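A.B. asks: So that you have it, the file is start_33.cif, and it contains mmCIF, C-alpha atoms:
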```cif
data_input
loop_
_atom_site.label_atom_id
_atom_site.label_comp_id
_atom_site.auth_asym_id
_atom_site.auth_seq_id
_atom_site.Cartn_x
_atom_site.Cartn_y
_atom_site.Cartn_z
CA MET Q 909 -12.28 9.97 20.18
CA PHE Q 910 -9.72 10.14 17.38
CA ARG Q 911 -6.05 10.03 18.33
CA VAL Q 912 -4.09 13.13 17.37
CA PRO Q 913 -1.74 12.24 14.48
CA THR Q 914 1.98 12.85 14.93
CA ILE Q 915 3.44 15.93 13.22
CA LYS Q 916 6.90 15.28 11.80
CA SER Q 917 9.80 17.74 12.12
CA ALA Q 918 11.83 18.87 9.11
CA ARG Q 919 14.63 16.48 10.09
CA GLU Q 920 12.21 13.57 10.40
CA LEU Q 921 10.75 14.34 6.99
CA ILE Q 922 14.24 14.16 5.48
CA SER Q 923 14.58 10.60 6.82
CA MET Q 924 11.11 9.72 5.52
CA ARG Q 925 11.99 11.05 2.08
CA ALA Q 926 15.05 8.81 2.13
CA ALA Q 927 12.98 5.79 3.19
CA GLY Q 928 10.42 6.57 0.49
CA ARG Q 929 13.17 6.77 -2.11
CA VAL Q 930 14.42 3.30 -1.17
CA VAL Q 931 10.89 1.91 -1.46
CA ALA Q 932 10.46 3.51 -4.88
CA GLU Q 933 13.77 2.04 -6.07
CA VAL Q 934 12.71 -1.42 -4.90
CA ILE Q 935 9.45 -1.19 -6.81
CA GLU Q 936 11.26 -0.06 -9.96
CA ARG Q 937 13.57 -3.08 -9.68
CA LEU Q 938 10.63 -5.44 -9.21
CA LYS Q 939 8.95 -4.01 -12.30
CA GLU Q 940 12.10 -4.83 -14.25
CA VAL Q 941 12.30 -8.47 -13.19
CA LEU Q 942 8.64 -9.45 -12.90
CA GLU Q 943 7.62 -11.89 -15.62
CA PRO Q 944 5.85 -15.22 -15.93
CA GLY Q 945 8.04 -18.01 -14.61
CA VAL Q 946 9.71 -16.21 -11.71
CA THR Q 947 8.77 -17.05 -8.15
CA THR Q 948 7.45 -14.70 -5.52
CA GLY Q 949 10.49 -15.66 -3.46
CA TYR Q 950 12.77 -14.39 -6.23
CA LEU Q 951 11.02 -11.02 -6.09
CA ASP Q 952 11.53 -11.01 -2.34
CA ARG Q 953 15.26 -11.65 -2.74
CA GLU Q 954 15.61 -8.87 -5.31
CA ALA Q 955 13.86 -6.47 -2.94
CA ARG Q 956 16.19 -7.50 -0.12
CA LYS Q 957 19.23 -6.74 -2.32
CA VAL Q 958 18.08 -3.19 -3.09
CA ILE Q 959 17.17 -2.41 0.51
CA SER Q 960 20.51 -3.75 1.75
CA LYS Q 961 22.52 -1.92 -0.92
CA ARG Q 962 20.91 1.37 0.12
CA GLY Q 963 21.77 0.77 3.78
CA ALA Q 964 18.11 0.55 4.79
CA GLU Q 965 16.12 -2.08 6.67
CA PRO Q 966 12.93 -3.88 5.57
CA SER Q 967 9.79 -2.73 7.37
CA PHE Q 968 7.88 -5.98 6.96
CA LEU Q 969 10.37 -8.71 7.83
CA GLY Q 970 9.48 -9.94 11.33
CA TYR Q 971 6.64 -7.44 11.66
CA THR Q 972 4.02 -8.32 14.27
CA PRO Q 973 0.88 -6.14 14.24
CA ILE Q 974 -0.21 -7.30 17.69
CA PRO Q 975 1.61 -9.09 20.53
CA GLY Q 976 1.68 -12.83 19.99
CA ALA Q 977 1.04 -12.63 16.24
CA ILE Q 978 3.11 -14.70 13.83
CA PRO Q 979 5.95 -12.47 12.56
CA PHE Q 980 5.74 -11.73 8.84
CA PRO Q 981 8.39 -13.91 7.16
CA GLY Q 982 9.08 -11.87 4.02
CA VAL Q 983 10.80 -8.64 3.04
CA ILE Q 984 7.86 -7.70 0.79
CA CYS Q 985 4.25 -8.79 0.42
CA THR Q 986 3.43 -10.63 -2.81
CA SER Q 987 -0.32 -11.07 -3.30
CA LEU Q 988 -1.66 -12.73 -6.45
CA ASN Q 989 -5.07 -12.52 -8.12
CA GLU Q 990 -7.77 -12.92 -5.42
CA GLU Q 991 -5.18 -12.20 -2.70
CA ILE Q 992 -5.65 -8.60 -1.60
CA VAL Q 993 -2.72 -7.92 0.73
CA HIS Q 994 -0.11 -9.60 2.95
CA GLY Q 995 0.73 -12.45 0.60
CA ILE Q 996 3.84 -14.32 1.76
CA PRO Q 997 6.64 -14.73 -0.82
CA GLY Q 998 7.92 -18.24 -1.43
CA ASP Q 999 8.07 -20.95 -4.10
CA ARG Q 1000 4.91 -19.97 -5.97
CA VAL Q 1001 5.61 -19.52 -9.69
CA ILE Q 1002 3.97 -16.50 -11.28
CA GLN Q 1003 1.87 -17.43 -14.30
CA ASP Q 1004 1.07 -15.47 -17.45
CA GLY Q 1005 -1.87 -13.18 -16.71
CA ASP Q 1006 -1.44 -13.22 -12.93
CA LEU Q 1007 -2.37 -10.01 -11.14
CA VAL Q 1008 0.62 -9.37 -8.84
CA LYS Q 1009 0.38 -6.96 -5.92
CA LEU Q 1010 3.75 -5.89 -4.51
CA ASP Q 1011 3.81 -4.09 -1.16
CA VAL Q 1012 7.18 -2.71 -0.04
CA GLY Q 1013 8.35 -1.03 3.17
CA ALA Q 1014 11.78 0.26 4.18
CA ILE Q 1015 13.29 1.97 7.21
CA VAL Q 1016 15.93 4.74 7.15
CA ASP Q 1017 17.15 6.32 10.40
CA GLY Q 1018 14.21 4.75 12.23
CA PHE Q 1019 11.51 6.05 9.86
CA HIS Q 1020 9.35 4.03 7.49
CA GLY Q 1021 8.27 4.37 3.88
CA ASP Q 1022 5.47 2.21 2.45
CA SER Q 1023 4.13 1.78 -1.08
CA ALA Q 1024 2.34 -0.79 -3.23
CA VAL Q 1025 1.64 -1.41 -6.90
CA THR Q 1026 -0.37 -3.91 -8.90
CA LEU Q 1027 1.30 -5.37 -12.00
CA ILE Q 1028 0.12 -7.85 -14.60
CA ALA Q 1029 2.51 -10.67 -15.46
CA GLY Q 1030 2.45 -10.87 -19.24
CA ASP Q 1031 -0.37 -9.26 -21.19
CA GLY Q 1032 -3.38 -9.94 -18.99
CA ASP Q 1033 -6.90 -9.31 -20.23
CA LYS Q 1034 -9.24 -6.33 -20.44
CA THR Q 1035 -10.85 -7.10 -17.08
CA GLU Q 1036 -7.49 -7.06 -15.33
CA ARG Q 1037 -6.24 -3.96 -17.10
CA GLU Q 1038 -9.39 -2.00 -16.28
CA LEU Q 1039 -9.29 -3.05 -12.62
CA VAL Q 1040 -5.65 -1.98 -12.32
CA GLU Q 1041 -6.28 1.36 -14.01
CA VAL Q 1042 -9.29 2.22 -11.85
CA THR Q 1043 -7.34 1.37 -8.68
CA ARG Q 1044 -4.32 3.42 -9.77
CA ARG Q 1045 -6.52 6.41 -10.59
CA ALA Q 1046 -8.39 6.03 -7.29
CA LEU Q 1047 -5.08 6.50 -5.49
CA GLU Q 1048 -4.38 9.61 -7.56
CA GLN Q 1049 -7.77 11.04 -6.66
CA GLY Q 1050 -7.25 10.28 -2.98
CA ILE Q 1051 -3.88 12.04 -3.01
CA LEU Q 1052 -5.41 15.15 -4.56
CA ALA Q 1053 -7.89 15.28 -1.66
CA ALA Q 1054 -5.10 15.11 0.96
CA ARG Q 1055 -4.60 18.79 1.66
CA SER Q 1056 -4.02 20.70 4.87
CA GLY Q 1057 -7.36 21.58 6.45
CA ALA Q 1058 -9.23 18.70 4.82
CA ARG Q 1059 -10.54 15.76 6.84
CA VAL Q 1060 -9.67 12.10 6.53
CA GLY Q 1061 -13.26 11.54 5.44
CA ASP Q 1062 -12.62 13.77 2.43
CA ILE Q 1063 -10.01 11.29 1.20
CA SER Q 1064 -12.31 8.34 1.90
CA ALA Q 1065 -15.28 9.92 0.14
CA THR Q 1066 -13.16 10.87 -2.87
CA VAL Q 1067 -11.82 7.34 -3.32
CA GLU Q 1068 -15.24 5.78 -2.82
CA GLY Q 1069 -16.89 8.30 -5.14
CA PHE Q 1070 -14.44 7.42 -7.89
CA VAL Q 1071 -14.49 3.63 -7.55
CA ARG Q 1072 -18.03 2.54 -6.74
CA PRO Q 1073 -19.80 4.29 -9.68
CA ARG Q 1074 -17.49 2.26 -11.94
CA GLY Q 1075 -18.95 -0.98 -10.63
CA TYR Q 1076 -16.21 -2.03 -8.21
CA GLU Q 1077 -16.13 -2.47 -4.44
CA LEU Q 1078 -13.61 -1.28 -1.86
CA VAL Q 1079 -12.19 -3.30 1.01
CA ARG Q 1080 -13.50 -2.05 4.37
CA GLU Q 1081 -11.56 -4.11 6.96
CA TYR Q 1082 -8.14 -2.82 5.88
CA THR Q 1083 -7.26 0.83 5.47
CA GLY Q 1084 -4.55 3.37 4.85
CA HIS Q 1085 -2.78 4.80 7.87
CA GLY Q 1086 -0.42 7.29 9.38
CA ILE Q 1087 3.27 6.39 9.26
CA GLY Q 1088 6.54 7.49 10.84
CA ARG Q 1089 8.64 5.79 13.52
CA ARG Q 1090 6.02 3.04 13.39
CA LEU Q 1091 4.78 1.41 10.21
CA HIS Q 1092 1.17 1.97 11.26
CA GLU Q 1093 0.24 5.13 13.16
CA ALA Q 1094 -2.90 7.19 13.59
CA PRO Q 1095 -5.04 8.07 11.78
CA GLN Q 1096 -6.66 5.25 9.87
CA ILE Q 1097 -7.49 6.26 6.27
CA PRO Q 1098 -10.54 4.22 5.17
CA ASN Q 1099 -11.37 3.86 1.49
CA VAL Q 1100 -15.07 4.49 2.12
CA GLY Q 1101 -16.53 7.32 4.15
CA VAL Q 1102 -18.23 10.68 4.39
CA GLY Q 1103 -16.57 13.95 3.54
CA GLY Q 1104 -15.99 16.47 6.32
CA GLN Q 1105 -15.59 13.79 9.00
CA GLY Q 1106 -12.61 12.33 10.83
CA PRO Q 1107 -9.28 13.84 11.92
CA GLN Q 1108 -8.17 17.03 10.23
CA LEU Q 1109 -5.09 16.90 8.03
CA ARG Q 1110 -2.34 19.28 9.13
CA VAL Q 1111 1.01 20.33 7.72
CA GLY Q 1112 3.68 17.85 8.83
CA MET Q 1113 1.45 14.78 8.92
CA VAL Q 1114 2.60 11.78 6.91
CA ILE Q 1115 0.02 9.25 5.77
CA CYS Q 1116 -0.43 6.28 3.48
CA ILE Q 1117 -3.39 6.14 1.12
CA GLU Q 1118 -4.04 2.66 -0.29
CA PRO Q 1119 -7.17 1.77 -2.24
CA MET Q 1120 -7.90 -1.97 -2.34
CA VAL Q 1121 -10.42 -2.47 -5.13
CA ASN Q 1122 -12.35 -5.69 -5.76
CA ILE Q 1123 -14.31 -6.89 -8.77
CA GLY Q 1124 -16.83 -8.62 -6.51
CA THR Q 1125 -17.69 -8.30 -2.84
CA TRP Q 1126 -15.82 -6.03 -0.45
CA ARG Q 1127 -15.76 -8.78 2.15
CA THR Q 1128 -12.49 -10.54 2.94
CA GLU Q 1129 -11.07 -13.67 4.56
CA VAL Q 1130 -7.67 -14.49 6.05
CA LEU Q 1131 -5.98 -17.72 4.96
CA ASP Q 1132 -4.67 -20.34 7.37
CA ASN Q 1133 -1.18 -18.79 7.33
CA ASP Q 1134 -2.72 -15.97 9.44
CA TRP Q 1135 -1.45 -13.31 7.03
CA THR Q 1136 -2.75 -13.52 3.46
CA VAL Q 1137 -6.03 -11.65 2.96
CA VAL Q 1138 -8.26 -12.79 0.08
CA THR Q 1139 -11.58 -11.71 -1.35
CA ALA Q 1140 -14.42 -13.70 0.20
CA ASP Q 1141 -15.74 -14.62 -3.27
CA ARG Q 1142 -12.22 -15.28 -4.65
CA LYS Q 1143 -12.62 -12.66 -7.37
CA LEU Q 1144 -9.78 -10.38 -8.43
CA SER Q 1145 -8.48 -7.48 -6.35
CA ALA Q 1146 -5.98 -4.68 -7.04
CA HIS Q 1147 -3.99 -2.50 -4.62
CA PHE Q 1148 -1.98 0.72 -4.92
CA GLU Q 1149 -0.36 2.77 -2.16
CA HIS Q 1150 1.85 5.82 -1.65
CA THR Q 1151 3.32 7.49 1.41
CA LEU Q 1152 2.74 11.25 1.34
CA ALA Q 1153 3.47 14.25 3.51
CA ILE Q 1154 0.97 17.07 4.01
CA THR Q 1155 2.73 20.32 3.09
CA PRO Q 1156 1.57 23.96 2.76
CA ASP Q 1157 1.66 23.49 -1.02
CA GLY Q 1158 -0.30 20.24 -1.08
CA PRO Q 1159 0.57 16.55 -0.76
CA GLU Q 1160 4.19 15.52 -1.38
CA ILE Q 1161 4.52 11.91 -2.52
CA LEU Q 1162 7.51 10.41 -0.70
CA THR Q 1163 7.50 7.01 -2.42
CA ALA Q 1164 7.84 8.15 -6.03
CA LEU Q 1165 11.11 8.53 -7.95
#
```
Would you write out, as structure tokens, the structure that this file holds?
C.D. replies:
Amino acid sequence: MFRVPTIKSARELISMRAAGRVVAEVIERLKEVLEPGVTTGYLDREARKVISKRGAEPSFLGYTPIPGAIPFPGVICTSLNEEIVHGIPGDRVIQDGDLVKLDVGAIVDGFHGDSAVTLIAGDGDKTERELVEVTRRALEQGILAARSGARVGDISATVEGFVRPRGYELVREYTGHGIGRRLHEAPQIPNVGVGGQGPQLRVGMVICIEPMVNIGTWRTEVLDNDWTVVTADRKLSAHFEHTLAITPDGPEILTAL
């Protein structure tokens, strides 16, 4: 049985728009300062400044997905190259050509916003640029499928149908999700699936769609820090994410300026 997703009230959506705005502003700041030679910890500190200035709270700092888990130690996730998600910021120096995935969450009035981008430090190469573009466009396609009356499987099938014919694979173990008072709520939004299946999307639902696209296998591993997820074959991965509300007029992206 699928859990029934939470429908947000108009007042709650106002708070989620505010949280999404903070997240978008953080990402814009990180785009400005990302370059070869900076550390992932520096990016984390810059994100903390923006979140604090806006009177918000970080969603990720101290986050524990299950009881007894190691709390996440960063304000943002910084995942490089073969790292897919949940990379921990620290002293690592970003090199020219690194594929940098930045995942940002913020809380306003008790409600979360969540978004991710993949950036290339420096120029990168054709392989990296094509991977990033396909992943970005996969997110766009998934958002277009997120309409009232559609099913979660319609989003999954749309993302998969865009990515796999282009020769890439999609991560299976980690998915998009509902969002609201909790960072992760029902329903799960897989990046592979069959159209017409899964929970029905209804006006007032707020969800996160987040394609994680790999050059090689879809299989993953978790590093010894218990957080950072990498591709099992250590080939490159890209990740994009937006928080969006289902409205009568179509999806409203809450984490875009």
A.B. asks: Report as number ranges by chain the full result of the PyMOL selection byres ((chain Q and resi 982) around 8) when it is applied to this structure.
C.D. replies: Q: 952, 968-970, 980-981, 983-985, 996-997
A.B. asks: Quick one: pull the distance between atom CA of Val1079 of chain Q and atom CA of Ile992 of chain Q, Å, one decimal.
C.D. replies: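 Atom-to-atom, atom CA of Val1079 of chain Q and atom CA of Ile992 of chain Q are spaced 8.8 Å apart.
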A.B. asks: Go ahead and find all residues with at least one atom no further than 12 Å from (15.5, -6.7, -11.0) in the file's coordinates, using only C-alpha atoms; report them as an MDAnalysis selection string.
C.D. replies: chainID Q and resid 933:943 946 950:958
A.B. asks: Name all residues at most 9 Å from Thr1125 of chain Q (count all atoms listed in the file; drop same-chain ones fewer than 4 positions away) and give them as a list in words.
C.D. replies: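 After dropping sequence-adjacent residues, the list is Tyr1076, Glu1077, Leu1078, Val1079, Thr1139, Ala1140, Asp1141 and Lys1143 of chain Q.
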A.B. asks: Measure the distance from atom CA of Ile1117 of chain Q to atom CA of Gly1084 of chain Q in Å and round it to one decimal.
C.D. replies: 4.8 Å
A.B. asks: Going by the chain IDs and residue numbers used in this file, which residues fall under the PyMOL selection byres ((chain Q and resi 1094-1100) around 8)? Write them as an mmCIF file with C-alpha atoms, keeping the file's coordinate frame.
C.D. replies:
```
data_model
loop_
_atom_site.group_PDB
_atom_site.id
_atom_site.type_symbol
_atom_site.label_atom_id
_atom_site.label_comp_id
_atom_site.auth_asym_id
_atom_site.auth_seq_id
_atom_site.Cartn_x
_atom_site.Cartn_y
_atom_site.Cartn_z
ATOM 1 C CA PHE Q 910 -9.720 10.140 17.380
ATOM 2 C CA ARG Q 911 -6.050 10.030 18.330
ATOM 3 C CA VAL Q 912 -4.090 13.130 17.370
ATOM 4 C CA PRO Q 913 -1.740 12.240 14.480
ATOM 5 C CA THR Q 914 1.980 12.850 14.930
ATOM 6 C CA VAL Q 1060 -9.670 12.100 6.530
ATOM 7 C CA GLY Q 1061 -13.260 11.540 5.440
ATOM 8 C CA ILE Q 1063 -10.010 11.290 1.200
ATOM 9 C CA SER Q 1064 -12.310 8.340 1.900
ATOM 10 C CA ALA Q 1065 -15.280 9.920 0.140
ATOM 11 C CA VAL Q 1067 -11.820 7.340 -3.320
ATOM 12 C CA GLU Q 1068 -15.240 5.780 -2.820
ATOM 13 C CA LEU Q 1078 -13.610 -1.280 -1.860
ATOM 14 C CA VAL Q 1079 -12.190 -3.300 1.010
ATOM 15 C CA ARG Q 1080 -13.500 -2.050 4.370
ATOM 16 C CA TYR Q 1082 -8.140 -2.820 5.880
ATOM 17 C CA THR Q 1083 -7.260 0.830 5.470
ATOM 18 C CA GLY Q 1084 -4.550 3.370 4.850
ATOM 19 C CA HIS Q 1085 -2.780 4.800 7.870
ATOM 20 C CA GLY Q 1086 -0.420 7.290 9.380
ATOM 21 C CA ILE Q 1087 3.270 6.390 9.260
ATOM 22 C CA HIS Q 1092 1.170 1.970 11.260
ATOM 23 C CA GLU Q 1093 0.240 5.130 13.160
ATOM 24 C CA GLY Q 1101 -16.530 7.320 4.150
ATOM 25 C CA VAL Q 1102 -18.230 10.680 4.390
ATOM 26 C CA PRO Q 1107 -9.280 13.840 11.920
ATOM 27 C CA ILE Q 1115 0.020 9.250 5.770
ATOM 28 C CA CYS Q 1116 -0.430 6.280 3.480
ATOM 29 C CA ILE Q 1117 -3.390 6.140 1.120
ATOM 30 C CA GLU Q 1118 -4.040 2.660 -0.290
ATOM 31 C CA PRO Q 1119 -7.170 1.770 -2.240
ATOM 32 C CA MET Q 1120 -7.900 -1.970 -2.340
#
```
A.B. asks: State, in Å with one decimal place, the distance from atom CA of Ala1054 of chain Q to atom CA of His994 of chain Q.
C.D. replies: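 Those two atoms sit 25.3 Å apart.
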A.B. asks: Please, which residues in segment 1142-1162 of chain Q fall within 12 Å of segment 916-929 of chain Q when counting all atoms listed in the file, and what is the closest atom pair and distance in Å to one decimal for each, ordered by chain then residue number, as a Markdown table?
C.D. replies:
```
| residue | atom | partner | partner_atom | distance |
| --- | --- | --- | --- | --- |
| Q:Glu1149 | CA | Q:Gly928 | CA | 11.7 |
| Q:His1150 | CA | Q:Gly928 | CA | 8.9 |
| Q:Thr1151 | CA | Q:Gly928 | CA | 7.2 |
| Q:Leu1152 | CA | Q:Gly928 | CA | 9.0 |
| Q:Ala1153 | CA | Q:Leu921 | CA | 8.1 |
| Q:Ile1154 | CA | Q:Lys916 | CA | 10.0 |
| Q:Thr1155 | CA | Q:Leu921 | CA | 10.7 |
| Q:Glu1160 | CA | Q:Arg925 | CA | 9.6 |
| Q:Ile1161 | CA | Q:Gly928 | CA | 8.5 |
| Q:Leu1162 | CA | Q:Gly928 | CA | 5.0 |
```
A.B. asks: Go through Q:Gln1049, Q:Thr1128, Q:Thr986, Q:Gly1032 and flag the residue nearest Asp1011 of chain Q, using all atoms listed in the file for the distances.
C.D. replies: Q:Thr986
A.B. asks: Between Q:Val1042, Q:Leu1165, Q:Leu1091, Q:Leu1047, single out the one closest to Asn1122 of chain Q, counting all atoms listed in the file.
C.D. replies: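 Nearest candidate to Asn1122 of chain Q out of Q:Val1042, Q:Leu1165, Q:Leu1091, Q:Leu1047: Q:Val1042.
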A.B. asks: Could you check which of Q:Leu1109, Q:Ala964, Q:Val1137, Q:Ala1014 is closest to Arg1090 of chain Q, using all atoms listed in the file?
C.D. replies: Q:Ala1014
A.B. asks: I need the residue nearest Gly1106 of chain Q from this list: Q:Ile915, Q:Ala977, Q:Ala1058, Q:Leu988. Use all atoms listed in the file for the distance.
C.D. replies: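 Among the listed residues, the smallest separation from Gly1106 of chain Q belongs to Q:Ala1058.
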A.B. asks: For Ile959 of chain Q, which of Q:Ala1024, Q:Val930, Q:Ile974, Q:Val1121 is the closest residue, counting all atoms listed in the file?
C.D. replies: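 Closest to Ile959 of chain Q of all the choices is Q:Val930.
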A.B. asks: So, with all atoms listed in the file as the atoms that count, which of Q:Val1111, Q:Ile1028, Q:Leu1131, Q:Val1016 lies closest to Asn989 of chain Q?
C.D. replies: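 Smallest distance to Asn989 of chain Q is found for Q:Ile1028.
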